[in-house]
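File shown: run-v6.txt. Contents: compact mmCIF, C-alpha atoms.
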# COMPACT_ATOMS: atom_id res chain seq x y z
CA MET R 1 131.73 87.52 101.65
CA ASN R 2 131.12 91.22 101.14
CA LEU R 3 129.08 91.85 98.02
CA ILE R 4 129.74 95.20 96.38
CA CYS R 5 128.36 96.60 93.19
CA THR R 6 129.30 99.93 91.63
CA ASN R 7 126.68 102.27 90.25
CA HIS R 8 126.90 101.33 86.58
CA LYS R 9 124.71 102.60 83.81
CA TYR R 10 123.41 99.16 82.91
CA CYS R 11 123.13 97.56 86.35
CA PHE R 12 121.28 98.10 89.58
CA PRO R 13 123.10 99.25 92.72
CA PHE R 14 123.69 96.18 94.87
CA SER R 15 123.81 97.96 98.20
CA CYS R 16 121.68 96.28 100.86
CA ASP R 17 122.98 96.68 104.40
CA ARG R 18 124.39 93.27 105.32
CA LYS R 19 125.28 94.49 108.82
CA PHE R 20 121.66 95.09 109.81
CA LEU R 21 121.27 91.54 111.18
CA ASP R 22 124.68 89.91 110.71
CA ILE R 23 125.48 86.23 111.07
CA HIS R 24 126.08 86.52 114.83
CA SER R 25 122.68 88.14 115.32
CA MET R 26 121.06 85.44 113.21
CA HIS R 27 122.64 82.73 115.38
CA ARG R 28 121.16 84.37 118.48
CA LEU R 29 117.73 84.52 116.87
CA GLU R 30 118.04 80.92 115.70
CA LYS R 31 118.56 79.70 119.26
CA THR R 32 115.25 81.13 120.49
CA ASP R 33 112.53 78.59 121.26
CA ASN R 34 109.36 80.65 120.87
CA ILE R 35 108.08 83.86 119.35
CA GLU R 36 108.16 85.87 122.57
CA GLU R 37 111.82 85.04 123.17
CA MET R 38 112.62 85.84 119.55
CA ARG R 39 110.93 89.24 119.89
CA GLU R 40 112.93 90.01 123.04
CA VAL R 41 116.22 89.19 121.31
CA LEU R 42 115.17 91.13 118.22
CA ALA R 43 114.23 94.18 120.32
CA GLU R 44 117.67 94.03 121.93
CA LEU R 45 119.39 93.81 118.53
CA LEU R 46 117.34 96.69 117.14
CA LYS R 47 117.97 98.71 120.34
CA ILE R 48 114.26 99.05 121.07
CA GLY R 49 113.74 99.80 124.75
CA CYS R 50 110.00 99.82 125.44
CA PRO R 51 107.82 99.25 122.36
CA GLU R 52 104.64 99.54 124.44
CA GLN R 53 105.29 103.26 124.90
CA ASN R 54 106.50 104.10 121.39
CA LEU R 55 104.30 103.49 118.36
CA GLN R 56 107.16 103.53 115.84
CA ASP R 57 109.23 101.04 117.85
CA ALA R 58 106.23 98.71 118.20
CA ILE R 59 105.54 98.76 114.46
CA THR R 60 109.22 98.24 113.65
CA LEU R 61 109.39 95.24 115.97
CA ASP R 62 106.27 93.73 114.43
CA LEU R 63 107.59 94.33 110.92
CA TYR R 64 110.84 92.41 111.38
CA SER R 65 109.48 89.74 113.73
CA HIS R 66 106.84 88.73 111.18
CA ALA R 67 109.51 88.76 108.48
CA LEU R 68 111.63 86.36 110.56
CA ILE R 69 108.63 84.09 111.07
CA PHE R 70 108.02 84.07 107.31
CA CYS R 71 111.65 83.20 106.59
CA ARG R 72 111.48 80.29 109.06
CA GLN R 73 108.32 78.99 107.45
CA GLN R 74 109.96 79.13 104.02
CA GLY R 75 113.06 77.30 105.29
CA PHE R 76 115.47 80.13 104.46
CA SER R 77 119.07 79.77 105.57
CA LEU R 78 120.61 82.24 108.01
CA GLU R 79 122.26 84.17 105.18
CA GLN R 80 119.02 84.30 103.18
CA THR R 81 117.10 85.50 106.22
CA SER R 82 119.70 88.19 106.92
CA VAL R 83 119.52 89.48 103.34
CA ALA R 84 115.69 89.38 103.35
CA CYS R 85 115.58 91.55 106.48
CA ALA R 86 118.18 93.91 105.01
CA LEU R 87 116.10 94.29 101.83
CA LEU R 88 113.04 95.04 103.93
CA GLN R 89 115.02 97.60 105.93
CA ASP R 90 116.19 99.36 102.75
CA LEU R 91 112.62 99.46 101.48
CA HIS R 92 111.39 100.90 104.77
CA LYS R 93 114.10 103.58 104.71
CA ALA R 94 113.10 104.56 101.16
CA CYS R 95 109.47 104.81 102.26
CA ALA R 96 110.23 106.95 105.31
CA ALA R 97 112.74 109.17 103.49
CA THR R 98 110.04 111.56 102.27
CA PRO R 99 106.43 112.35 103.22
CA LEU R 100 105.56 112.55 99.51
CA GLY R 101 104.07 109.65 97.62
CA ASN R 102 106.86 107.44 96.21
CA VAL R 103 105.26 104.01 96.17
CA GLU R 104 106.13 103.33 92.52
CA GLU R 105 109.76 104.35 93.02
CA CYS R 106 110.01 102.15 96.13
CA TYR R 107 108.48 99.20 94.30
CA ARG R 108 110.91 99.51 91.39
CA TYR R 109 113.84 99.84 93.80
CA PHE R 110 112.80 96.79 95.83
CA THR R 111 112.24 94.53 92.82
CA SER R 112 115.53 95.58 91.20
CA VAL R 113 117.56 94.88 94.34
CA LEU R 114 115.60 91.69 95.05
CA PHE R 115 116.34 90.13 91.67
CA CYS R 116 120.00 91.05 92.06
CA HIS R 117 120.02 88.16 94.54
CA GLY R 118 118.58 85.60 92.12
CA VAL R 119 121.00 85.53 89.19
CA ARG R 120 124.68 84.70 89.35
CA ARG R 121 126.40 87.47 87.41
CA PRO R 122 129.22 88.83 89.56
CA PRO R 123 129.93 91.51 90.49
CA PHE R 124 126.43 92.75 89.62
CA SER R 125 124.31 89.99 91.18
CA ILE R 126 124.47 86.66 93.01
CA ASP R 127 122.25 83.58 93.05
CA LEU R 128 121.42 83.62 96.77
CA PHE R 129 117.71 82.80 96.34
CA LYS R 130 116.06 80.27 94.09
CA GLU R 131 113.31 81.32 91.74
CA GLU R 132 110.46 80.08 93.93
CA GLN R 133 112.04 81.74 96.97
CA LEU R 134 112.26 85.06 95.13
CA LEU R 135 108.60 84.87 94.12
CA ALA R 136 107.55 83.93 97.66
CA LEU R 137 109.53 86.81 99.17
CA ALA R 138 108.17 89.28 96.61
CA ASP R 139 104.58 88.15 97.29
CA TYR R 140 105.11 88.46 101.04
CA VAL R 141 106.46 92.03 100.82
CA VAL R 142 103.70 93.09 98.41
CA ASN R 143 100.93 91.65 100.59
CA THR R 144 102.31 92.91 103.91
CA TYR R 145 104.28 96.12 103.28
CA PHE R 146 102.96 97.63 100.05
CA ARG R 147 99.36 96.91 101.06
CA HIS R 148 99.92 99.17 104.10
CA PHE R 149 102.38 101.56 102.44
CA LYS R 150 100.43 104.70 103.32
CA LEU R 151 100.12 103.64 106.96
CA TYR R 152 103.90 103.18 107.26
CA LYS R 153 104.46 106.56 105.61
CA TYR R 154 101.92 108.24 107.91
CA VAL R 155 103.60 106.88 111.06
CA PHE R 156 107.27 107.26 110.11
CA THR R 157 107.31 110.57 108.22
CA PRO R 158 106.79 114.05 109.71
CA GLN R 159 103.71 116.07 108.87
CA VAL R 160 104.35 118.83 106.34
CA ARG R 161 102.73 122.23 106.73
CA LEU R 162 103.00 125.16 104.34
CA ASP R 163 103.31 128.66 105.82
CA LEU R 164 103.08 131.57 103.38
CA SER R 165 104.22 135.11 104.07
CA LEU R 166 103.52 137.74 101.40
CA THR R 167 105.68 140.82 100.86
CA TYR R 168 104.25 143.58 98.68
CA MET R 169 107.00 145.22 96.67
CA GLY R 170 106.72 148.94 95.94
CA LEU R 171 104.22 149.67 98.70
CA GLN R 172 104.94 151.43 101.91
CA PRO R 173 104.39 149.35 105.05
CA PRO R 174 101.42 150.44 107.18
CA LYS R 175 102.35 153.00 109.79
CA PRO R 176 101.90 151.92 113.40
CA ARG R 177 99.17 153.69 115.29
CA PRO R 178 100.48 156.24 117.81
CA LYS R 179 99.97 155.45 121.44
CA GLU R 180 97.06 157.32 122.91
CA LYS R 181 97.36 159.20 126.13
CA GLU R 182 95.89 157.81 129.29
CA GLY R 183 93.54 160.78 129.63
CA GLU R 184 92.06 160.25 126.18
CA GLU R 185 91.62 156.53 126.87
CA ALA R 186 89.79 157.35 130.07
CA GLU R 187 87.50 159.77 128.23
CA GLU R 188 86.72 157.16 125.55
CA GLN R 189 85.92 154.60 128.21
CA ALA R 190 83.63 157.11 129.92
CA LEU R 191 81.49 157.58 126.80
CA THR R 192 78.03 156.12 126.96
CA PRO R 193 76.80 153.65 124.30
CA GLN R 194 74.54 156.32 122.79
CA GLU R 195 77.44 158.75 122.40
CA GLU R 196 79.55 156.03 120.74
CA GLU R 197 76.80 155.37 118.20
CA LEU R 198 76.48 159.08 117.41
CA GLU R 199 80.27 159.34 117.00
CA ILE R 200 80.36 156.39 114.63
CA MET R 201 77.52 157.81 112.53
CA ALA R 202 79.26 161.19 112.36
CA GLN R 203 82.46 159.67 110.91
CA PRO R 204 82.51 159.67 107.08
CA GLU R 205 82.89 156.34 105.31
CA GLN R 206 86.52 155.78 104.39
CA GLU R 207 87.25 154.56 100.91
CA PRO R 208 89.33 151.34 100.68
CA SER R 209 92.98 152.10 100.16
CA GLN R 210 95.09 150.70 97.33
CA VAL R 211 96.84 148.34 99.74
CA CYS R 212 93.55 146.74 100.81
CA VAL R 213 92.38 146.35 97.21
CA LEU R 214 95.69 144.81 96.16
CA ARG R 215 95.73 142.50 99.16
CA THR R 216 92.20 141.27 98.45
CA TYR R 217 93.03 140.67 94.79
CA ILE R 218 96.19 138.71 95.62
CA LYS R 219 94.37 136.56 98.19
CA THR R 220 91.62 135.78 95.69
CA GLN R 221 94.07 134.76 92.96
CA LEU R 222 96.18 132.78 95.42
CA ASN R 223 93.17 130.82 96.67
CA LYS R 224 92.17 130.12 93.09
CA GLU R 225 95.65 128.82 92.18
CA LEU R 226 95.84 126.72 95.35
CA GLY R 227 92.48 125.15 94.55
CA GLN R 228 93.60 124.21 91.04
CA LEU R 229 96.89 122.83 92.38
CA GLN R 230 95.09 120.74 95.01
CA GLN R 231 92.75 119.32 92.37
CA LEU R 232 95.71 118.44 90.13
CA VAL R 233 97.55 116.70 92.98
CA GLU R 234 94.46 114.70 93.92
CA GLU R 235 94.00 113.57 90.32
CA ARG R 236 97.62 112.44 90.07
CA LEU R 237 97.43 110.59 93.40
CA LYS R 238 94.27 108.84 92.28
CA ALA R 239 95.89 107.81 88.99
CA SER R 240 98.97 106.56 90.86
CA GLU R 241 96.80 104.48 93.23
CA GLU R 242 94.94 102.97 90.28
CA ARG R 243 98.20 101.97 88.59
CA LEU R 244 99.52 100.45 91.81
CA SER R 245 96.28 98.51 92.37
CA THR R 246 96.50 97.16 88.83
CA LYS R 247 100.09 96.01 89.38
CA LEU R 248 99.26 94.42 92.73
CA SER R 249 96.27 92.59 91.22
CA ALA R 250 98.48 91.31 88.40
CA LEU R 251 101.06 90.06 90.91
CA GLU R 252 98.41 88.23 92.94
CA ARG R 253 97.18 86.26 89.93
CA PRO R 254 98.69 82.77 89.55
CA HIS R 255 101.37 82.53 86.93
CA GLN R 256 99.90 80.70 83.92
CA LEU R 257 102.11 79.09 81.30
CA PRO R 258 101.20 79.63 77.65
CA PRO R 259 99.69 76.57 75.93
CA SER R 260 102.29 74.38 74.27
CA LYS R 261 102.19 74.09 70.54
CA ASN R 262 102.06 70.70 68.85
CA LYS R 263 105.35 70.20 67.08
CA ASN R 264 104.19 67.13 65.10
CA LYS R 265 102.09 68.58 62.32
CA THR R 266 99.85 66.22 60.44
CA LYS R 267 100.18 66.28 56.72
Let me see the structure of the file written as structure tokens.
Amino acid sequence: MNLICTNHKYCFPFSCDRKFLDIHSMHRLEKTDNIEEMREVLAELLKIGCPEQNLQDAITLDLYSHALIFCRQQGFSLEQTSVACALLQDLHKACAATPLGNVEECYRYFTSVLFCHGVRRPPFSIDLFKEEQLLALADYVVNTYFRHFKLYKYVFTPQVRLDLSLTYMGLQPPKPRPKEKEGEEAEEQALTPQEEELEIMAQPEQEPSQVCVLRTYIKTQLNKELGQLQQLVEERLKASEERLSTKLSALERPHQLPPSKNKNKTK
């Protein structure tokens, strides 16, 4: 059954890729007898040629092979395993979509789509997983993927470099130096070191031009602004990491039920 959810104001988009590992692929994986055979079939399904020579392919194969092992240990059905891998794939795509830090956005997206598979409310959600299965899958993804979120982002996103080119408006570009004649170059090369020193001492000190002064001022201000911006970004990243660590610590704590109140009151 194809599950489709429209982007509604009061519902989450139910859009995991069910064709990532379809039912036919799951039957092939189910017939494997050991982990090595399962990894070979999975590499074929993911179109991974030689993971030993490609770091990204090796990490991708490890990511989904361990997810399949987890689903087998939890006793998930083929459909549940397929959806779990599709959810993990969507999370990985969201992580690798940008080199910028988006761990909180990815976590909110994953939990929203995950719990759309735990409540029967068509067409917005379906009760594919039980409550304990949802909690087990959420704990597994938090402890395996989100714990190494920065490593996945470092490997699967390109490095960003900033190149600045400054154009000074209202100033004439520096004139290129005229080419010197070969005879003059030969005479300059023939000068002795003592004559060069005397020639340098005889030249009057040139005052810095307006272009040099302006360029120095702009570079100084630009370095100052870049330093403040870098400090602000580091502070925000540190605050974001602290919030994520707090959420992860809260998720790892065992769920405690509130103490029951005594309904029979003594008079």
Q: Show me as a VMD selection string the residues that reach within 12 Å of (113.2, 103.2, 106.4), counting only C-alpha atoms and using the file's own coordinates.
A: chain R and resid 17 56 59 to 60 63 85 to 99 106 145 149 152 to 153 155 to 157
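The space separating CA of Glu131 (chain R) from CA of Leu78 (chain R) comes to 17.9 Å.
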**Q.** Local residues around (105.5, 88.3, 115.1), at most 12 Å away, using all atoms listed in the file, as a VMD selection string
**A.** chain R and resid 34 to 40 42 to 43 58 to 72
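Taking CA of Ala239 (chain R) and CA of Phe146 (chain R) as the two end points, the separation is 16.6 Å.
Counting all atoms listed in the file and comparing R:Ser209, R:Asn102, R:Thr32, R:Ser25, the residue that lies closest to Thr81 (chain R) is R:Ser25.
Reported to one decimal place, the separation of CA of Asp57 (chain R) from CA of Gln80 (chain R) is 24.3 Å.
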(Q) Calculated over all atoms listed in the file, which of the candidates R:Leu100, R:Ala138, R:Leu21, R:Lys247 has the smallest distance to Tyr154 (chain R)? (A) R:Leu100
Q. Between R:Leu45, R:Leu55, R:Leu162, R:Val103, which is the closest to Arg147 (chain R) once you count only C-alpha atoms?
A.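 Result for the nearest residue to Arg147 (chain R): R:Val103.
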**Q.** Option closest in space to Asp127 (chain R), from R:Asp22, R:Gln228, R:His27, R:Leu114 [counting only C-alpha atoms]
**A.** R:Leu114
Q) Counting only C-alpha atoms, which of R:Phe115, R:Val141, R:Lys150, R:Leu214 gets nearest to Met169 (chain R)? A)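 Of all the options, R:Leu214 lies closest to Met169 (chain R).
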